[in-house]
Amino acid sequence: MGRRAVLALIAAVVIVAAGVGTWALATRPHGQPEPVRRVLTFADVLPAPAEAVAAPGVTFTIPPGATIVTSPDDPEAARVATYLAGLIGAATPRPGSGPVEGGIALLHDAAVTGDEAYELEVDAHAVTIRAGSGAGLFRGVQTLRQLMPASGPLVIPGGRIDDRPRYAYRGAMLDVARHFFDVAAVERFIDLAAMYKVNYLHLHLSDDQGWRIAVDGWPRLTEYGATTQVGGGAGGFYTQDDYRAIIAYAATRYMTVVPEIDLPGHTNAALASYAQLSCDGTAPPLFTGIAVGFSALCPDDATYSFLDDVLGELAALTPGPYLHIGGDEASTLTAGDYARIVDRAQQIVTAHGKAAVGWHDAAKADLASTTVLEYWSTNPYDERVVAAAASGTRVILAPANHAYLDQKYDQGTRIGLTWAGPTSVEESYDWDPATYLSRVDASAVLGVEAPLWTETVATVDDIEYLALPRLAAIAEVAWSPSTTHDWSTFRERLGAQAPRWDALGVDFARVVGVPWVT
Ligand code: TNX
C-alpha cells in the first residue's frame, strides 16, 4: 500500500469514527455535550452566488426574537420581513432605514439593479440585505437561510454577497394530472423550490388521465373528467378558489404560476367529458394507464370555442404573463390539423393578453412572436427550433436527460421512469443551458425548467424523493453564473443541505456520490 493510500485509509477511519461519535453523542441522555456544529461558509450557499467575499473570523449570531427592520412605506419589504420572521421566530418587523444592531435589515435600494438582484452583508453586529425589489429581498433571505445552520444557535459567517440570477426563467413543473395533488402538497412543493430561488411554478393541469381545474360553463370537465388518475385512484381538481390560493401562496415566494392546458393531444379527460370535442362525436372512456399520443381534439369550431372559454378563464385567473398550451405528442393528427389547432390556440392566448408557452413540438406550427418554446428532447438538435430561435423565439430548456425529475436516479430507484435516464444527480447538474442546443444562440435561452411528471409519483414523499436533490442541482444551473459551475464543489454544497431537509421532514434521495452531512 502506497503512502497516499495509507493516508486515505487513516482519513476514512477518522471520518467514520467521528461519525459514530457524533451519533453516539446525539443519542445520549440529557446533560451530555451537544455535537460540535460547524459554522456554515459562503461555499455552502446553494445556488452558488455570483460574487461572495468572506470576512475571515467574523460571525454574527441572530438572537432569539431578533429585530427585523424594513424600509418605511415598502409593503413588499414588509411582506418579505413577515415571511422571514415566521422562519426564524423573530419579533414583528418594524420600519427602519438602516442596519440594525443585533438584528436584520431588509432595505429597498434602487442602486441594486436587476429584477432579483440583492446584496447581503454580515458583520459582527448585523445582517443587512439590500435590493431594488421585493423579489430581490426574498432571494436574499433564501441566501441568509442557506447561511443559517439547520438547528441550534443561528451563527452565520461574516462577509458580503452580491448576487443576481443567470436566467430570468427558473421553473419547476408539477404534473397534477397523472396523479392529483391537493393545495397543501403544491404549497409544500413551492416552498422547497423557493429555497433554491426557483421563480416559476408550471402546473400541468390537464392530461389524458384527468382534468384538474374547474371551468365555468364546462362542469363535466371536473365532475367527470377529474374523477380518476393513473392506476384508477379518485383523482381530484382545484376549484377556482383553490387555484387562486395556489397563486397567492406562490406570490409570497415571488413565484409566478404558469398553468398548462395540454392540447391538442393529451386530452382524453376532456374528450371523455364532452363528446363534441372528438371528430367522431363519441366520448372515449376515462383513461388510467400511462400510454401517450393517442388522444386529440378535433380541429373545428366546437374545439375553438371550448379553448376560448378555457384559456380565457385561465388568463383571467392568472396574473403571470404565460399560458402553457402543451403541444406535445399528438400523434393521431395530420401535420396540417396539428398546426391549425396550435396556431389557433396561440391566437386565443394572445387575444386574452398572455404569451403562449408550448413544448418545442409546437415549432411545427407557425409561432406567434411572443410564443416561448420549452425544449424537452434528449437530442440537442431540432431544425425547426434552430429556425425559430434564429427569428427571435425564446427557449426554456428542460432536456429530459438532464432536467426531468421523473427519471430514476439509477436502475434501483423505487419509483420513476427510465426512457430518458436513469439520470444521476451529476447528470442533472453537469450541462450548460447556453451551449446545450446545437446551432441555437445562447441569447435565445430564456431559462431552465425541471419537470416532475407523476405517472409513478403518488404521494408527497414520492414528490420529494424524485425532486430532491436534483431540483437543487437544476436550480443552481439556472441561477448561478457558469464561472461557479463545478461538480466537485457542488456535491459538497449539496451534501450540506441534508440537515435542512431532515429538519423539514423531506424524504429526499440520499444517493451515493454526494457527501451527505449527518
Ligand atoms: C413525455 S416530454 C411527456 C409526458 C410524460 C413524460 C414522462 C413531454 C412534453 N411529454 O407526457 O409524462 O414524457 O417522462
# chains A, B, ... in the order shown; residues from 1 in each chain; ligands from 1
>>> residues_around(residues="stretch 102-116 of chain A", least_positions_apart="6", cutoff="6 Å", atoms="only C-alpha atoms", output="list in words")
Ala66, Thr67, Ile68, Val69, Thr70, Ser71, His125, Ala126, Val127, Thr128, Ile129, Arg130, Ala131, Gly132, Ala135 and Gly136 of chain A
>>> write_last_selection(atoms="C-alpha atoms", output="PDB file, in the first residue's frame")
ATOM      1  CA  ALA A  66     -34.339  39.220  16.721  1.00  0.00           C
ATOM      2  CA  THR A  67     -35.378  42.628  15.478  1.00  0.00           C
ATOM      3  CA  ILE A  68     -36.174  42.867  11.769  1.00  0.00           C
ATOM      4  CA  VAL A  69     -36.499  46.309  10.205  1.00  0.00           C
ATOM      5  CA  THR A  70     -37.679  47.187   6.710  1.00  0.00           C
ATOM      6  CA  SER A  71     -37.626  50.364   4.659  1.00  0.00           C
ATOM      7  CA  HIS A 125     -23.281  43.320  14.636  1.00  0.00           C
ATOM      8  CA  ALA A 126     -25.947  42.889  11.988  1.00  0.00           C
ATOM      9  CA  VAL A 127     -27.300  41.379   8.793  1.00  0.00           C
ATOM     10  CA  THR A 128     -28.296  43.777   6.030  1.00  0.00           C
ATOM     11  CA  ILE A 129     -29.997  42.807   2.780  1.00  0.00           C
ATOM     12  CA  ARG A 130     -30.458  45.442   0.099  1.00  0.00           C
ATOM     13  CA  ALA A 131     -32.399  45.079  -3.139  1.00  0.00           C
ATOM     14  CA  GLY A 132     -34.282  47.143  -5.664  1.00  0.00           C
ATOM     15  CA  ALA A 135     -38.160  39.659  -5.266  1.00  0.00           C
ATOM     16  CA  GLY A 136     -34.525  40.605  -4.685  1.00  0.00           C
TER      17      GLY A 136
END
>>> residues_near_ligand(ligand="ligand 1", cutoff="8 Å", atoms="only C-alpha atoms and all ligand atoms", output="list of chain:residue names")
A:Asp175, A:Arg178, A:Asp207, A:His266, A:Ile290, A:Val292, A:Gly326, A:Gly327, A:Asp328, A:Glu329, A:Trp359, A:Trp376, A:Ser377, A:Ala400, A:Tyr404, A:Asp406, A:Gln407, A:Leu417, A:Thr418, A:Trp419, A:Ala420, A:Trp453, A:Thr454, A:Glu455
>>> write_last_selection(atoms="C-alpha atoms", output="mmCIF file, in the first residue's frame")
data_model
loop_
_atom_site.group_PDB
_atom_site.id
_atom_site.type_symbol
_atom_site.label_atom_id
_atom_site.label_comp_id
_atom_site.auth_asym_id
_atom_site.auth_seq_id
_atom_site.Cartn_x
_atom_site.Cartn_y
_atom_site.Cartn_z
ATOM 1 C CA ASP A 175 -47.837 17.261 -13.158
ATOM 2 C CA ARG A 178 -51.352 11.905 -13.830
ATOM 3 C CA ASP A 207 -53.832 15.296 -19.446
ATOM 4 C CA HIS A 266 -53.069 14.580 -24.008
ATOM 5 C CA ILE A 290 -49.618 5.703 -18.872
ATOM 6 C CA VAL A 292 -49.161 8.755 -24.565
ATOM 7 C CA GLY A 326 -48.683 21.921 -24.341
ATOM 8 C CA GLY A 327 -48.449 20.752 -27.931
ATOM 9 C CA ASP A 328 -46.515 17.536 -27.318
ATOM 10 C CA GLU A 329 -47.214 14.065 -28.632
ATOM 11 C CA TRP A 359 -43.443 22.207 -25.773
ATOM 12 C CA TRP A 376 -37.641 18.609 -23.816
ATOM 13 C CA SER A 377 -35.835 16.381 -26.287
ATOM 14 C CA ALA A 400 -35.299 15.199 -20.443
ATOM 15 C CA TYR A 404 -36.649 15.578 -15.997
ATOM 16 C CA ASP A 406 -39.367 11.851 -13.032
ATOM 17 C CA GLN A 407 -36.491 9.693 -14.260
ATOM 18 C CA LEU A 417 -39.467 6.205 -15.449
ATOM 19 C CA THR A 418 -36.320 5.436 -17.445
ATOM 20 C CA TRP A 419 -36.990 6.472 -21.046
ATOM 21 C CA ALA A 420 -34.624 9.455 -20.803
ATOM 22 C CA TRP A 453 -44.185 14.108 -14.358
ATOM 23 C CA THR A 454 -46.193 11.968 -11.993
ATOM 24 C CA GLU A 455 -47.047 8.678 -13.672
#
>>> atom_distance(atom1="atom CA of A:Glu76", atom2="atom CA of A:Ala250")
14.3 Å
>>> select_by_dssp(residues="stretch 253-434 of chain A", states="alpha helix (DSSP H)", output="PyMOL selection string")
chain A and resi 268-273+301-317+335-351+383-390+400-403+425-429
>>> closest_atom_pairs(of="stretch 170-263 of chain A", to="stretch 474-497 of chain A", cutoff="12 Å", atoms="only C-alpha atoms", output="tab-separated table")
residue	atom	partner	partner_atom	distance
A:Arg170	CA	A:Ala478	CA	5.8
A:Gly171	CA	A:Ala475	CA	8.1
A:Ala172	CA	A:Ala475	CA	8.7
A:Leu192	CA	A:Ala475	CA	11.1
A:Ala193	CA	A:Ala475	CA	8.2
A:Ala194	CA	A:Ala475	CA	9.7
A:Met195	CA	A:Ala475	CA	9.6
A:Tyr196	CA	A:Ala475	CA	6.0
A:Lys197	CA	A:Ala475	CA	7.0
A:Val198	CA	A:Ala475	CA	6.3
A:Asn199	CA	A:Ala475	CA	9.7
A:Tyr200	CA	A:Ala475	CA	11.1
>>> residues_around(residues="stretch 383-396 of chain A", least_positions_apart="3", cutoff="8 Å", atoms="only C-alpha atoms", output="list of chain:residue names")
A:Tyr169, A:His360, A:Ala363, A:Lys364, A:Leu367, A:Ser369, A:Thr370, A:Thr371, A:Val372, A:Leu373, A:Glu374, A:Tyr375, A:Ser438, A:Arg439, A:Val440, A:Asp441, A:Ala444, A:Val445, A:Leu446, A:Gly447, A:Val448, A:Glu449
>>> residues_around(residues="A:Gly289", least_positions_apart="5", cutoff="8 Å", atoms="only C-alpha atoms", output="PDB file with N, CA and C atoms, in the first residue's frame")
ATOM      1  N   GLN A 209     -55.346  11.469 -18.261  1.00  0.00           N
ATOM      2  CA  GLN A 209     -55.851  10.808 -17.054  1.00  0.00           C
ATOM      3  C   GLN A 209     -56.700  11.704 -16.168  1.00  0.00           C
ATOM      4  N   VAL A 230     -53.833   8.021 -12.802  1.00  0.00           N
ATOM      5  CA  VAL A 230     -53.075   6.814 -13.156  1.00  0.00           C
ATOM      6  C   VAL A 230     -53.300   5.750 -12.074  1.00  0.00           C
ATOM      7  N   GLY A 231     -53.618   4.551 -12.519  1.00  0.00           N
ATOM      8  CA  GLY A 231     -53.814   3.456 -11.567  1.00  0.00           C
ATOM      9  C   GLY A 231     -55.236   3.371 -11.043  1.00  0.00           C
TER      10      GLY A 231
END
>>> residues_around(residues="A:Ile156", least_positions_apart="5", cutoff="6 Å", atoms="only C-alpha atoms", output="PyMOL selection string")
chain A and resi 59-60+147-148
